[in-house]
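Shown next: upload08.cif, given as mmCIF, C-alpha atoms.
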```
data_data
#
loop_
_atom_site.label_atom_id
_atom_site.label_comp_id
_atom_site.auth_asym_id
_atom_site.auth_seq_id
_atom_site.Cartn_x
_atom_site.Cartn_y
_atom_site.Cartn_z
CA MET A 1 -62.04 2.74 -3.94
CA ILE A 2 -64.05 1.94 -7.08
CA SER A 3 -65.75 5.34 -6.98
CA LEU A 4 -62.46 7.15 -6.34
CA GLY A 5 -60.61 5.13 -8.95
CA GLY A 6 -63.34 5.86 -11.49
CA VAL A 7 -62.59 9.57 -11.15
CA ILE A 8 -58.77 9.60 -11.10
CA GLY A 9 -57.70 9.05 -14.67
CA THR A 10 -56.11 10.65 -17.70
CA GLY A 11 -58.16 13.81 -17.04
CA LEU A 12 -55.99 14.46 -13.98
CA PHE A 13 -52.69 13.01 -15.18
CA LEU A 14 -52.74 14.52 -18.69
CA SER A 15 -55.43 17.17 -19.17
CA SER A 16 -55.08 19.10 -15.89
CA GLY A 17 -52.04 21.02 -17.15
CA TYR A 18 -53.89 22.19 -20.25
CA THR A 19 -56.83 23.29 -18.08
CA ILE A 20 -54.52 25.44 -15.93
CA HIS A 21 -52.92 26.85 -19.08
CA GLU A 22 -56.34 27.97 -20.31
CA ALA A 23 -58.00 29.22 -17.10
CA GLY A 24 -55.03 30.25 -15.00
CA PRO A 25 -54.02 28.76 -11.63
CA LEU A 26 -56.63 30.34 -9.35
CA GLY A 27 -59.42 30.03 -11.90
CA THR A 28 -58.81 26.29 -12.21
CA ILE A 29 -58.69 25.81 -8.42
CA ILE A 30 -62.02 27.67 -8.01
CA ALA A 31 -63.62 25.60 -10.79
CA TYR A 32 -62.46 22.34 -9.20
CA ILE A 33 -63.79 23.42 -5.79
CA VAL A 34 -67.20 24.22 -7.31
CA GLY A 35 -67.12 20.96 -9.28
CA ALA A 36 -66.28 18.93 -6.16
CA PHE A 37 -69.19 20.60 -4.34
CA LEU A 38 -71.59 19.71 -7.17
CA VAL A 39 -70.40 16.08 -7.21
CA TYR A 40 -70.85 15.86 -3.45
CA LEU A 41 -74.43 17.15 -3.74
CA VAL A 42 -75.19 14.52 -6.40
CA MET A 43 -73.61 11.81 -4.23
CA LEU A 44 -75.71 12.84 -1.23
CA CYS A 45 -78.83 12.43 -3.38
CA LEU A 46 -77.61 9.09 -4.75
CA GLY A 47 -76.84 7.87 -1.21
CA GLU A 48 -80.45 8.02 -0.05
CA LEU A 49 -81.68 6.28 -3.19
CA SER A 50 -78.98 3.57 -3.22
CA VAL A 51 -79.46 2.60 0.43
CA ALA A 52 -83.27 2.59 0.17
CA MET A 53 -83.23 0.66 -3.13
CA PRO A 54 -79.88 -1.08 -3.79
CA TYR A 55 -80.54 -2.15 -7.37
CA THR A 56 -78.02 -3.07 -10.06
CA GLY A 57 -77.95 -0.31 -12.68
CA ALA A 58 -79.51 1.81 -9.98
CA PHE A 59 -80.05 5.37 -11.16
CA HIS A 60 -81.69 4.22 -14.38
CA VAL A 61 -84.24 2.34 -12.21
CA TYR A 62 -84.73 5.40 -9.97
CA ALA A 63 -85.31 7.66 -12.97
CA THR A 64 -87.85 5.19 -14.38
CA LYS A 65 -89.76 5.01 -11.10
CA TYR A 66 -89.61 8.62 -9.92
CA ILE A 67 -89.40 10.68 -13.13
CA GLY A 68 -90.82 8.51 -15.88
CA PRO A 69 -90.04 5.36 -17.89
CA GLY A 70 -89.02 7.42 -20.95
CA THR A 71 -86.48 9.33 -18.86
CA GLY A 72 -85.20 6.12 -17.28
CA PHE A 73 -84.71 4.54 -20.70
CA THR A 74 -82.91 7.63 -22.03
CA VAL A 75 -80.66 7.90 -18.97
CA ALA A 76 -79.63 4.25 -19.34
CA ILE A 77 -78.86 4.62 -23.06
CA LEU A 78 -76.87 7.82 -22.45
CA TYR A 79 -74.86 6.24 -19.65
CA TRP A 80 -74.27 3.05 -21.64
CA LEU A 81 -73.06 5.14 -24.58
CA THR A 82 -70.76 7.21 -22.33
CA TRP A 83 -68.85 4.19 -21.06
CA THR A 84 -68.90 2.35 -24.38
CA ILE A 85 -67.28 5.31 -26.15
CA ALA A 86 -64.75 5.48 -23.33
CA LEU A 87 -63.93 1.80 -23.91
CA GLY A 88 -62.90 2.44 -27.51
CA SER A 89 -60.72 5.39 -26.49
CA GLU A 90 -59.05 3.44 -23.66
CA PHE A 91 -58.20 0.46 -25.86
CA THR A 92 -56.57 2.77 -28.42
CA ALA A 93 -54.63 4.70 -25.76
CA SER A 94 -53.38 1.51 -24.03
CA GLY A 95 -52.00 0.21 -27.31
CA LEU A 96 -50.19 3.50 -28.01
CA ILE A 97 -48.56 3.51 -24.56
CA MET A 98 -47.38 -0.10 -24.88
CA GLN A 99 -45.87 0.68 -28.28
CA LYS A 100 -43.53 3.17 -26.61
CA TRP A 101 -41.92 0.25 -24.77
CA PHE A 102 -42.35 -2.32 -27.54
CA PRO A 103 -42.08 -0.35 -30.82
CA ASN A 104 -41.90 -3.49 -32.97
CA ILE A 105 -45.33 -4.74 -31.91
CA ALA A 106 -48.31 -3.18 -33.70
CA THR A 107 -50.68 -1.00 -31.66
CA TRP A 108 -53.74 -3.08 -32.62
CA LYS A 109 -52.18 -6.20 -31.09
CA TRP A 110 -51.82 -4.49 -27.71
CA SER A 111 -55.38 -3.13 -28.01
CA LEU A 112 -56.61 -6.68 -28.67
CA PHE A 113 -54.65 -7.95 -25.65
CA PHE A 114 -56.33 -5.42 -23.34
CA ILE A 115 -59.75 -6.10 -24.86
CA ILE A 116 -59.37 -9.79 -23.92
CA LEU A 117 -57.96 -8.95 -20.47
CA ILE A 118 -60.77 -6.54 -19.53
CA PHE A 119 -63.42 -8.90 -20.90
CA LEU A 120 -62.11 -11.81 -18.81
CA LEU A 121 -61.87 -9.71 -15.63
CA ASN A 122 -65.56 -8.86 -16.00
CA ALA A 123 -66.72 -12.26 -17.28
CA ILE A 124 -65.24 -14.54 -14.61
CA SER A 125 -67.05 -12.97 -11.64
CA VAL A 126 -67.88 -9.61 -10.12
CA LYS A 127 -65.30 -10.37 -7.40
CA TRP A 128 -62.50 -10.45 -10.00
CA PHE A 129 -63.69 -7.14 -11.41
CA ALA A 130 -63.73 -5.57 -7.94
CA LYS A 131 -60.30 -6.89 -6.93
CA ALA A 132 -58.72 -5.72 -10.17
CA GLU A 133 -60.33 -2.30 -9.83
CA PHE A 134 -59.12 -2.02 -6.23
CA TRP A 135 -55.50 -2.57 -7.24
CA PHE A 136 -55.69 -0.35 -10.32
CA SER A 137 -57.17 2.41 -8.17
CA SER A 138 -54.55 1.88 -5.46
CA ILE A 139 -51.70 2.53 -7.92
CA LYS A 140 -53.30 5.81 -9.00
CA VAL A 141 -54.03 6.93 -5.45
CA ILE A 142 -50.50 6.15 -4.22
CA THR A 143 -48.99 8.07 -7.16
CA VAL A 144 -51.08 11.16 -6.42
CA ILE A 145 -50.22 11.02 -2.69
CA ILE A 146 -46.47 10.83 -3.47
CA PHE A 147 -46.88 13.67 -5.99
CA ILE A 148 -48.57 15.93 -3.42
CA ILE A 149 -46.05 15.18 -0.64
CA LEU A 150 -42.99 15.75 -2.85
CA GLY A 151 -44.63 18.81 -4.38
CA LEU A 152 -45.19 20.40 -0.96
CA LEU A 153 -41.58 19.67 0.04
CA ALA A 154 -40.40 21.38 -3.16
CA ILE A 155 -42.68 24.39 -2.62
CA PHE A 156 -41.23 25.01 0.86
CA GLY A 157 -37.65 24.37 -0.21
CA VAL A 158 -37.14 21.15 1.76
CA ILE A 159 -36.02 19.36 -1.41
CA LYS A 160 -34.42 20.75 -4.56
CA TYR A 161 -36.65 21.56 -7.52
CA GLY A 162 -34.93 22.08 -10.87
CA ASN A 163 -32.44 24.97 -10.65
CA GLN A 164 -34.22 26.63 -7.74
CA LYS A 165 -31.97 27.34 -4.75
CA HIS A 166 -34.71 28.69 -2.49
CA ALA A 167 -38.29 27.83 -1.63
CA ILE A 168 -40.56 28.46 -4.63
CA GLY A 169 -43.51 29.63 -2.53
CA LEU A 170 -46.75 30.69 -4.17
CA LYS A 171 -45.40 33.18 -6.71
CA HIS A 172 -46.69 31.23 -9.75
CA ILE A 173 -50.25 31.54 -8.39
CA TYR A 174 -50.33 35.34 -8.57
CA ASP A 175 -47.28 36.62 -10.51
CA HIS A 176 -49.33 37.07 -13.71
CA GLY A 177 -52.49 38.26 -11.96
CA LEU A 178 -55.15 36.15 -10.27
CA PHE A 179 -57.01 35.54 -13.57
CA PRO A 180 -54.48 36.02 -16.41
CA ASN A 181 -56.97 34.93 -19.11
CA GLY A 182 -59.98 36.62 -17.52
CA PHE A 183 -62.56 35.34 -15.04
CA SER A 184 -64.60 33.77 -17.85
CA GLY A 185 -62.00 31.01 -17.94
CA VAL A 186 -63.44 29.73 -14.65
CA PHE A 187 -66.77 28.93 -16.32
CA THR A 188 -65.13 27.29 -19.34
CA THR A 189 -63.01 25.15 -17.01
CA MET A 190 -66.05 24.11 -14.94
CA LEU A 191 -67.44 22.27 -17.95
CA THR A 192 -64.24 20.24 -18.24
CA VAL A 193 -64.15 19.69 -14.47
CA ASN A 194 -67.62 18.12 -14.45
CA PHE A 195 -66.50 15.63 -17.06
CA ALA A 196 -63.28 14.97 -15.10
CA PHE A 197 -65.34 14.11 -12.00
CA SER A 198 -67.62 11.70 -13.87
CA GLY A 199 -67.28 8.21 -12.45
CA THR A 200 -68.20 8.95 -8.84
CA GLU A 201 -71.76 7.86 -9.64
CA LEU A 202 -70.45 4.30 -10.15
CA ILE A 203 -71.44 3.75 -6.51
CA GLY A 204 -75.04 3.74 -7.70
CA VAL A 205 -74.33 1.14 -10.37
CA THR A 206 -72.54 -1.19 -7.92
CA ALA A 207 -75.15 -0.81 -5.14
CA GLY A 208 -77.07 -3.95 -6.10
CA GLU A 209 -73.94 -6.11 -5.87
CA ALA A 210 -72.40 -4.54 -2.75
CA LYS A 211 -72.18 -6.88 0.25
CA ASN A 212 -73.63 -4.45 2.80
CA PRO A 213 -74.91 -1.36 0.93
CA SER A 214 -76.51 0.27 4.01
CA LYS A 215 -73.02 0.63 5.55
CA THR A 216 -70.59 0.72 2.64
CA ILE A 217 -72.42 3.24 0.44
CA PRO A 218 -72.83 6.04 3.05
CA LYS A 219 -69.21 5.52 4.10
CA ALA A 220 -68.01 5.87 0.50
CA ILE A 221 -70.17 8.95 -0.10
CA HIS A 222 -69.00 10.78 3.02
CA ALA A 223 -65.40 10.11 2.02
CA THR A 224 -65.96 11.44 -1.51
CA ILE A 225 -65.74 15.17 -0.86
CA TRP A 226 -62.48 15.22 1.08
CA ARG A 227 -60.92 12.72 -1.31
CA LEU A 228 -61.84 14.91 -4.28
CA ILE A 229 -60.40 17.93 -2.48
CA ILE A 230 -57.16 16.17 -1.52
CA PHE A 231 -56.50 14.32 -4.77
CA PHE A 232 -57.80 16.75 -7.37
CA ILE A 233 -57.56 20.19 -5.80
CA GLY A 234 -54.33 19.18 -4.00
CA SER A 235 -52.77 18.08 -7.30
CA ILE A 236 -53.97 21.20 -9.14
CA PHE A 237 -52.51 23.38 -6.36
CA ILE A 238 -49.12 21.64 -6.62
CA ILE A 239 -49.05 21.93 -10.42
CA SER A 240 -50.12 25.60 -10.33
CA THR A 241 -47.48 26.42 -7.73
CA LEU A 242 -44.51 24.62 -9.29
CA ILE A 243 -45.14 25.22 -13.02
CA PRO A 244 -45.78 28.67 -14.60
CA TYR A 245 -49.28 28.53 -16.05
CA GLN A 246 -48.02 29.34 -19.60
CA GLU A 247 -45.88 26.18 -19.57
CA SER A 248 -48.33 23.87 -17.80
CA GLY A 249 -49.33 20.84 -19.86
CA VAL A 250 -48.10 22.32 -23.14
CA THR A 251 -45.53 19.65 -24.06
CA GLN A 252 -46.03 16.81 -21.54
CA SER A 253 -47.98 15.67 -18.49
CA PRO A 254 -47.52 18.14 -15.58
CA PHE A 255 -46.86 15.12 -13.34
CA VAL A 256 -43.88 14.19 -15.52
CA THR A 257 -42.61 17.80 -15.43
CA VAL A 258 -42.75 17.98 -11.62
CA PHE A 259 -41.19 14.54 -11.04
CA ASN A 260 -38.42 15.33 -13.56
CA ASN A 261 -37.57 18.62 -11.85
CA ILE A 262 -37.48 16.91 -8.45
CA GLY A 263 -34.96 14.48 -9.90
CA ILE A 264 -36.81 11.18 -9.86
CA PRO A 265 -35.21 8.79 -12.40
CA TYR A 266 -37.24 7.10 -15.17
CA THR A 267 -40.06 9.60 -14.61
CA SER A 268 -41.57 9.18 -18.07
CA ASP A 269 -41.64 5.38 -17.79
CA ILE A 270 -43.14 5.52 -14.27
CA MET A 271 -45.88 7.93 -15.32
CA ASN A 272 -46.59 5.98 -18.50
CA PHE A 273 -47.12 2.90 -16.31
CA VAL A 274 -49.43 4.85 -13.97
CA ILE A 275 -51.37 6.29 -16.92
CA LEU A 276 -51.64 2.78 -18.37
CA THR A 277 -53.18 1.52 -15.10
CA ALA A 278 -55.55 4.51 -15.17
CA ILE A 279 -56.60 3.58 -18.70
CA ILE A 280 -57.11 -0.10 -17.82
CA SER A 281 -59.04 0.93 -14.70
CA ALA A 282 -61.32 3.19 -16.75
CA ALA A 283 -61.94 0.39 -19.27
CA ASN A 284 -62.62 -2.08 -16.44
CA SER A 285 -65.14 0.26 -14.78
CA GLY A 286 -66.62 1.25 -18.13
CA LEU A 287 -67.35 -2.31 -19.20
CA TYR A 288 -68.86 -3.09 -15.79
CA ALA A 289 -71.11 0.01 -15.83
CA SER A 290 -72.28 -0.37 -19.44
CA THR A 291 -73.00 -4.09 -18.90
CA ARG A 292 -75.18 -3.40 -15.85
CA MET A 293 -77.09 -0.70 -17.70
CA LEU A 294 -77.95 -3.09 -20.55
CA TRP A 295 -78.87 -5.82 -18.04
CA SER A 296 -81.15 -3.39 -16.22
CA LEU A 297 -82.89 -2.32 -19.44
CA SER A 298 -83.38 -5.94 -20.46
CA ASN A 299 -84.56 -6.98 -17.01
CA GLU A 300 -87.41 -4.48 -17.16
CA GLY A 301 -88.30 -5.35 -20.76
CA SER A 302 -87.17 -2.16 -22.51
CA ILE A 303 -84.86 -4.22 -24.74
CA PRO A 304 -85.02 -7.98 -25.56
CA LYS A 305 -85.17 -10.21 -22.46
CA PHE A 306 -82.39 -12.59 -23.53
CA ILE A 307 -79.81 -9.83 -22.89
CA ALA A 308 -80.47 -10.17 -19.14
CA LYS A 309 -79.20 -13.79 -19.13
CA THR A 310 -76.45 -14.46 -16.56
CA ASN A 311 -73.75 -17.11 -16.25
CA ARG A 312 -73.04 -19.37 -13.23
CA GLU A 313 -71.33 -16.47 -11.42
CA ASN A 314 -74.41 -14.26 -11.99
CA VAL A 315 -72.51 -12.06 -14.45
CA PRO A 316 -74.84 -10.77 -17.23
CA ILE A 317 -72.73 -12.36 -19.94
CA ILE A 318 -74.89 -11.44 -22.97
CA ALA A 319 -75.01 -7.78 -21.90
CA LEU A 320 -71.24 -7.97 -21.35
CA ILE A 321 -70.68 -9.24 -24.91
CA PHE A 322 -72.91 -6.54 -26.41
CA SER A 323 -71.13 -3.81 -24.41
CA MET A 324 -67.71 -5.09 -25.48
CA ILE A 325 -68.87 -5.16 -29.12
CA GLY A 326 -69.99 -1.54 -28.65
CA GLY A 327 -66.53 -0.66 -27.33
CA ILE A 328 -64.82 -2.36 -30.29
CA LEU A 329 -67.10 -0.54 -32.77
CA SER A 330 -66.25 2.70 -30.99
CA LEU A 331 -62.55 1.84 -31.39
CA PHE A 332 -63.01 1.35 -35.13
CA SER A 333 -65.03 4.56 -35.48
CA SER A 334 -62.26 6.49 -33.70
CA ILE A 335 -59.83 5.26 -36.37
CA TYR A 336 -61.92 5.31 -39.55
CA ALA A 337 -64.56 7.99 -38.86
CA ALA A 338 -62.90 10.28 -36.30
CA GLY A 339 -64.19 13.42 -37.99
CA SER A 340 -67.82 12.32 -38.30
CA VAL A 341 -69.32 9.34 -36.45
CA TYR A 342 -66.82 9.35 -33.60
CA LEU A 343 -67.10 13.13 -33.12
CA VAL A 344 -70.87 12.80 -32.72
CA LEU A 345 -70.53 9.93 -30.23
CA VAL A 346 -67.90 11.70 -28.13
CA SER A 347 -69.97 14.91 -28.06
CA ILE A 348 -73.04 13.03 -26.80
CA SER A 349 -71.16 10.98 -24.22
CA GLY A 350 -69.35 14.03 -22.85
CA LEU A 351 -72.59 15.77 -21.92
CA ALA A 352 -74.45 12.60 -20.96
CA VAL A 353 -72.94 12.36 -17.47
CA VAL A 354 -74.31 15.80 -16.53
CA PHE A 355 -77.76 14.66 -17.73
CA VAL A 356 -77.41 11.59 -15.49
CA TRP A 357 -76.55 13.81 -12.49
CA MET A 358 -79.69 15.87 -13.14
CA ALA A 359 -81.76 12.67 -13.23
CA ILE A 360 -80.26 11.49 -9.92
CA ALA A 361 -81.08 14.80 -8.19
CA LEU A 362 -84.64 14.90 -9.53
CA SER A 363 -85.19 11.22 -8.68
CA GLN A 364 -84.18 11.80 -5.04
CA PHE A 365 -86.39 14.90 -4.81
CA ASN A 366 -89.41 12.94 -6.07
CA PHE A 367 -88.55 9.82 -4.05
CA ARG A 368 -88.60 11.72 -0.75
CA LYS A 369 -91.92 13.39 -1.63
CA ASP A 370 -93.45 10.03 -2.58
CA PHE A 371 -92.01 8.34 0.53
CA ILE A 372 -93.61 10.89 2.87
CA LYS A 373 -96.87 10.91 0.87
CA LYS A 374 -97.19 7.15 1.43
CA GLY A 375 -96.80 7.56 5.17
CA GLY A 376 -93.07 6.89 5.51
CA LYS A 377 -91.08 8.46 8.37
CA ILE A 378 -87.78 10.20 7.65
CA ASN A 379 -86.04 8.33 10.48
CA GLU A 380 -86.98 5.04 8.75
CA LEU A 381 -84.57 5.81 5.90
CA GLY A 382 -81.23 3.99 6.15
CA TYR A 383 -79.49 7.08 4.82
CA LYS A 384 -81.00 10.58 4.59
CA THR A 385 -79.91 13.24 2.12
CA PRO A 386 -79.14 16.25 4.36
CA PHE A 387 -80.76 19.66 3.89
CA TYR A 388 -83.61 18.33 1.76
CA PRO A 389 -85.00 19.82 -0.50
CA LEU A 390 -82.12 22.30 -0.91
CA THR A 391 -79.55 19.60 -1.76
CA PRO A 392 -81.36 18.03 -4.77
CA ILE A 393 -82.50 21.47 -6.02
CA LEU A 394 -78.93 22.79 -5.91
CA ALA A 395 -77.53 19.63 -7.54
CA PHE A 396 -80.09 19.82 -10.36
CA SER A 397 -79.69 23.58 -10.89
CA MET A 398 -75.88 23.52 -10.94
CA SER A 399 -75.86 20.59 -13.38
CA LEU A 400 -78.36 22.38 -15.63
CA LEU A 401 -76.28 25.57 -15.46
CA SER A 402 -73.18 23.69 -16.61
CA CYS A 403 -75.15 22.45 -19.63
CA ILE A 404 -76.29 26.00 -20.46
CA LEU A 405 -72.73 27.33 -20.13
CA ILE A 406 -71.64 24.98 -22.91
CA TRP A 407 -73.45 27.26 -25.35
CA PHE A 408 -71.00 30.08 -24.55
CA ASP A 409 -67.93 27.97 -25.36
CA PRO A 410 -67.59 27.58 -29.16
CA ASN A 411 -65.31 24.54 -28.70
CA GLN A 412 -67.91 22.59 -26.71
CA ARG A 413 -71.15 23.97 -28.16
CA ILE A 414 -71.26 21.11 -30.65
CA ALA A 415 -72.15 18.76 -27.77
CA LEU A 416 -75.56 20.44 -27.48
CA TYR A 417 -76.19 20.13 -31.23
CA TYR A 418 -75.82 16.35 -31.03
CA THR A 419 -76.99 15.49 -27.51
CA ILE A 420 -80.38 17.24 -27.51
CA PRO A 421 -81.53 15.56 -30.77
CA PHE A 422 -80.19 12.22 -29.49
CA VAL A 423 -82.24 12.57 -26.29
CA ILE A 424 -85.33 13.39 -28.36
CA VAL A 425 -84.73 10.29 -30.51
CA CYS A 426 -84.42 8.09 -27.39
CA PHE A 427 -87.68 9.45 -25.94
CA SER A 428 -89.44 9.05 -29.28
CA PHE A 429 -88.20 5.48 -29.69
CA TYR A 430 -89.48 4.56 -26.24
CA LYS A 431 -92.87 6.19 -26.81
CA ILE A 432 -93.28 4.44 -30.18
CA LYS A 433 -92.32 1.12 -28.57
CA ILE A 434 -94.93 1.60 -25.82
CA TYR A 435 -97.56 2.61 -28.38
CA LEU A 436 -96.89 -0.48 -30.50
CA SER A 437 -96.94 -2.78 -27.48
CA LYS A 438 -100.35 -1.39 -26.49
CA ARG A 439 -101.57 -2.04 -30.02
CA GLY A 440 -100.43 -5.63 -29.70
CA TYR A 441 -97.06 -5.57 -31.48
CA GLN A 442 -94.10 -7.41 -30.00
CA ASN A 443 -90.71 -7.95 -31.64
CA GLY A 444 -92.10 -6.72 -34.96
CA LYS A 445 -95.11 -9.11 -34.97
CA ASN A 446 -98.77 -8.51 -34.25
CA ILE A 447 -99.57 -10.78 -31.29
CA ASN A 448 -103.31 -10.10 -31.22
#
```

Please re-express this file's structure in structure tokens.
Amino acid sequence: MISLGGVIGTGLFLSSGYTIHEAGPLGTIIAYIVGAFLVYLVMLCLGELSVAMPYTGAFHVYATKYIGPGTGFTVAILYWLTWTIALGSEFTASGLIMQKWFPNIATWKWSLFFIILIFLLNAISVKWFAKAEFWFSSIKVITVIIFIILGLLAIFGVIKYGNQKHAIGLKHIYDHGLFPNGFSGVFTTMLTVNFAFSGTELIGVTAGEAKNPSKTIPKAIHATIWRLIIFFIGSIFIISTLIPYQESGVTQSPFVTVFNNIGIPYTSDIMNFVILTAIISAANSGLYASTRMLWSLSNEGSIPKFIAKTNRENVPIIALIFSMIGGILSLFSSIYAAGSVYLVLVSISGLAVVFVWMAIALSQFNFRKDFIKKGGKINELGYKTPFYPLTPILAFSMSLLSCILIWFDPNQRIALYYTIPFVIVCFSFYKIKIYLSKRGYQNGKNIN
């Protein structure tokens, strides 16, 4: 549920309509199918690693061990930044939604309220985080299921939809051609789809704190592909069928449009509540993930050791505070430096998840080779990535291709301009740190 909830968010509820508007109905469906396949490949790779080595902050540890410590450090920083930037955005969005219901209360007060709420959910114990995330995710999942069921009934004419007197059928899928904006829209949409699916890899972060990872992780991974197909591709199909692509997501959430036309009262308020839970869920998961990444870096000595300190409930409280501070700074940068600092941060974090997927695939490829080289038997693995080595090679290649495709989209090309230099800076910082430690420098002092 945590992995599924991490994926279902504002990208589906708000941005999906715009995606269909840009790529056309069929183009968007194809892109989501390809994206779901890529995510499943990455999850299959992560499954073998997580069951064999259920560490907290897992894929950073795997990258360190099976690619290189510089890569592991960079992956952790990128992933920490991704979720920290998301925190700032979610706090702002939650305040704006609450102001629609309580216009006399300032947005910043609601943002502060949710900052305190999310911090407490994570600080008390990991059990509180998990329970909260379960219920947040449940609300989103139930909403999507109702949306799909009612949408299908409207498509086949079982219930009334707007002014339609007959079944709508599939005419909106093909009445303007299969690819009204050209087939190239499929590739542009794929970039957005990859970002929409980010969050599934949270399974790897939670592995070290799962009660029975050898059973729960494979179960969650096997369920991922059909859940992505049902919830994402099912929703996209309903939206594409019921709303002409030119009108999809132009003025409001496509979910609101469909529910309104079906005749459900208080649609806007209901969807605002669902979107609010999606935002809180994303912030909850984001703070958890970024905290565990900092803890993992500190635990291995890449950053100061005191950050790994935990409270009585074994929550890494110092890392939690630093991650929350990062989220608050991101919130301020989104308000006061939206055209400069915040733009750079968002560009880097948007591409960072694809870099993490590449690291997961390469880590699994190298892990299996190393495991066999040391005399291990394949049947000794608690979970085996199927079709090795094809699966990690495909996962890595498709992720790399999505990065290359960014160059051909002028609106997203800026992500490469910022992310590649940032990665180089992270590697350089780590190499300089290692060099200084070998020369006898520690925390800015010569210890020889």

Query raised in the report: By how many Å are CA of Ser290 (chain A) and CA of Trp83 (chain A) apart?
Result: 5.9 Å

**Report entry** 9 Å contact set for Asn284 (chain A), all atoms listed in the file, chain neighbours under 3 positions out, as a list in words
**Finding:**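 The residues that qualify are Leu87, Ile118, Phe119, Leu121, Asn122, Phe129, Ala132, Glu133, Ile279, Ile280, Ser281, Leu287, Tyr288 and Ala289 of chain A.
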
Query raised in the report: Which one is closest to Val144 (chain A): A:Phe102, A:Phe367, A:Phe231, A:Phe259? Count all atoms listed in the file.
Result: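 Among the listed residues, the smallest separation from Val144 (chain A) belongs to A:Phe231.
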
Requested in this report: Find, counting only C-alpha atoms, the residue in A:Trp101, A:Ser285, A:Ile221, A:Arg227 that gets nearest to Lys131 (chain A).
Outcome: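 Looking at the shortest contact to Lys131 (chain A), the residue is A:Ser285.
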
Report task. Would you kindly return, as a ChimeraX atom specification, each protein, DNA or RNA residue with an atom no farther than 12 Å from any atom of Lys215 (chain A), considering all atoms listed in the file and excluding same-chain residues fewer than 6 positions away? Result -> /A:47-48,50-52,54,207,221-222,382-383

Please determine an axis-aligned box that encloses all atoms of region 41-57 of chain A listed in the file, with 3 Å added on each side, and express its centre and edge lengths in Å to one decimal as AutoDock Vina command-line options.
```
--center_x -78.4 --center_y 7.0 --center_z -6.1 --size_x 15.7 --size_y 26.2 --size_z 19.1
```

Query raised in the report: Could you spell out the hits of the PyMOL selection byres ((chain A and resi 323) around 10) on the shown file, as a ChimeraX atom specification?
Result: /A:80-81,83-84,87,119,286-294,317-322,324-329

Query raised in the report: Residues at most 12 Å from Lys109 (chain A), counting only C-alpha atoms, excluding those fewer than 3 positions away in the same chain, as a list in words?
Result: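 Close residues of Lys109 (chain A): Phe91, Thr92, Ser94, Gly95, Leu96, Met98, Gln99, Phe102, Pro103, Asn104, Ile105, Ala106, Leu112, Phe113, Phe114, Ile115 and Ile116 of chain A.
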
Query - Distance in Å - CA of Met53 (chain A) versus CA of Arg312 (chain A) - result: 24.6 Å

Query raised in the report: CA of Ile262 (chain A) to CA of Ile146 (chain A): how many Å, to one decimal?
Result: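 The value is 11.9 Å.
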
Compile a residue-level contact table for region 114-175 of chain A against region 10-33 of chain A at a cut-off of 9 Å, reporting for every qualifying residue the shortest atom pair and its distance in Å to one decimal, with all atoms listed in the file counted, rows ordered by chain and ascending number, as JSON lines.
```
{"residue": "A:His172", "atom": "CA", "partner": "A:Pro25", "partner_atom": "CA", "distance": 8.0}
{"residue": "A:Ile173", "atom": "CA", "partner": "A:Pro25", "partner_atom": "CA", "distance": 5.7}
{"residue": "A:Tyr174", "atom": "CA", "partner": "A:Leu26", "partner_atom": "CA", "distance": 8.1}
```

**Report entry** Selection under test: the PyMOL selection byres ((chain A and resi 297) around 10); residues as a list in words
**Finding:** Gly57, His60, Val61, Gly72, Phe73, Ala76, Ile77, Arg292, Met293, Leu294, Trp295, Ser296, Ser298, Asn299, Glu300, Gly301, Ser302, Ile303, Pro304, Lys305, Ile307, Ala308 and Ala319 of chain A

Query raised in the report: Near Ile225 (chain A), within 12 Å and counting all atoms listed in the file, which residues show up once chain neighbours fewer than 4 positions away are dropped, as a PyMOL selection string?
Result: chain A and resi 3-4+32-44+197+200+219-221+229-233

**Report entry** Explicit residue set for the PyMOL selection byres ((chain A and resi 422) around 12), as a count of residues only
**Finding:** 26

**Report entry** Best match for closeness to Ile203 (chain A) among A:Asn314, A:Trp226, A:Ser330, A:Leu49, counting all atoms listed in the file
**Finding:**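 Answer, going by the shortest atom-to-atom distance: A:Leu49.
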
Query raised in the report: Using all atoms listed in the file, which of the listed residues (A:Met190, A:Ile360, A:Val354, A:Ile414) sits closest to Leu46 (chain A)?
Result: A:Ile360

Query raised in the report: Pick the closest to Ile67 (chain A) from A:Ile432, A:Met358, A:Val256, A:Phe387: which is it, counting all atoms listed in the file?
Result: A:Met358

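Across A:Gly70, A:Val258, A:Lys100, A:Asn194, the tightest approach to Leu150 (chain A) is made by A:Val258 when counting only C-alpha atoms.
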
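Shell of Asn366 (chain A) at 12 Å, with all atoms listed in the file counted and residues fewer than 3 places along the chain excluded, is A:Cys45, A:Glu48, A:Leu49, A:Tyr62, A:Ala63, A:Thr64, A:Lys65, A:Tyr66, A:Ile67, A:Gly68, A:Ala359, A:Ile360, A:Ala361, A:Leu362, A:Ser363, A:Lys369, A:Asp370, A:Phe371, A:Ile372, A:Lys373, A:Tyr388, A:Pro389, A:Pro392, A:Ile393.
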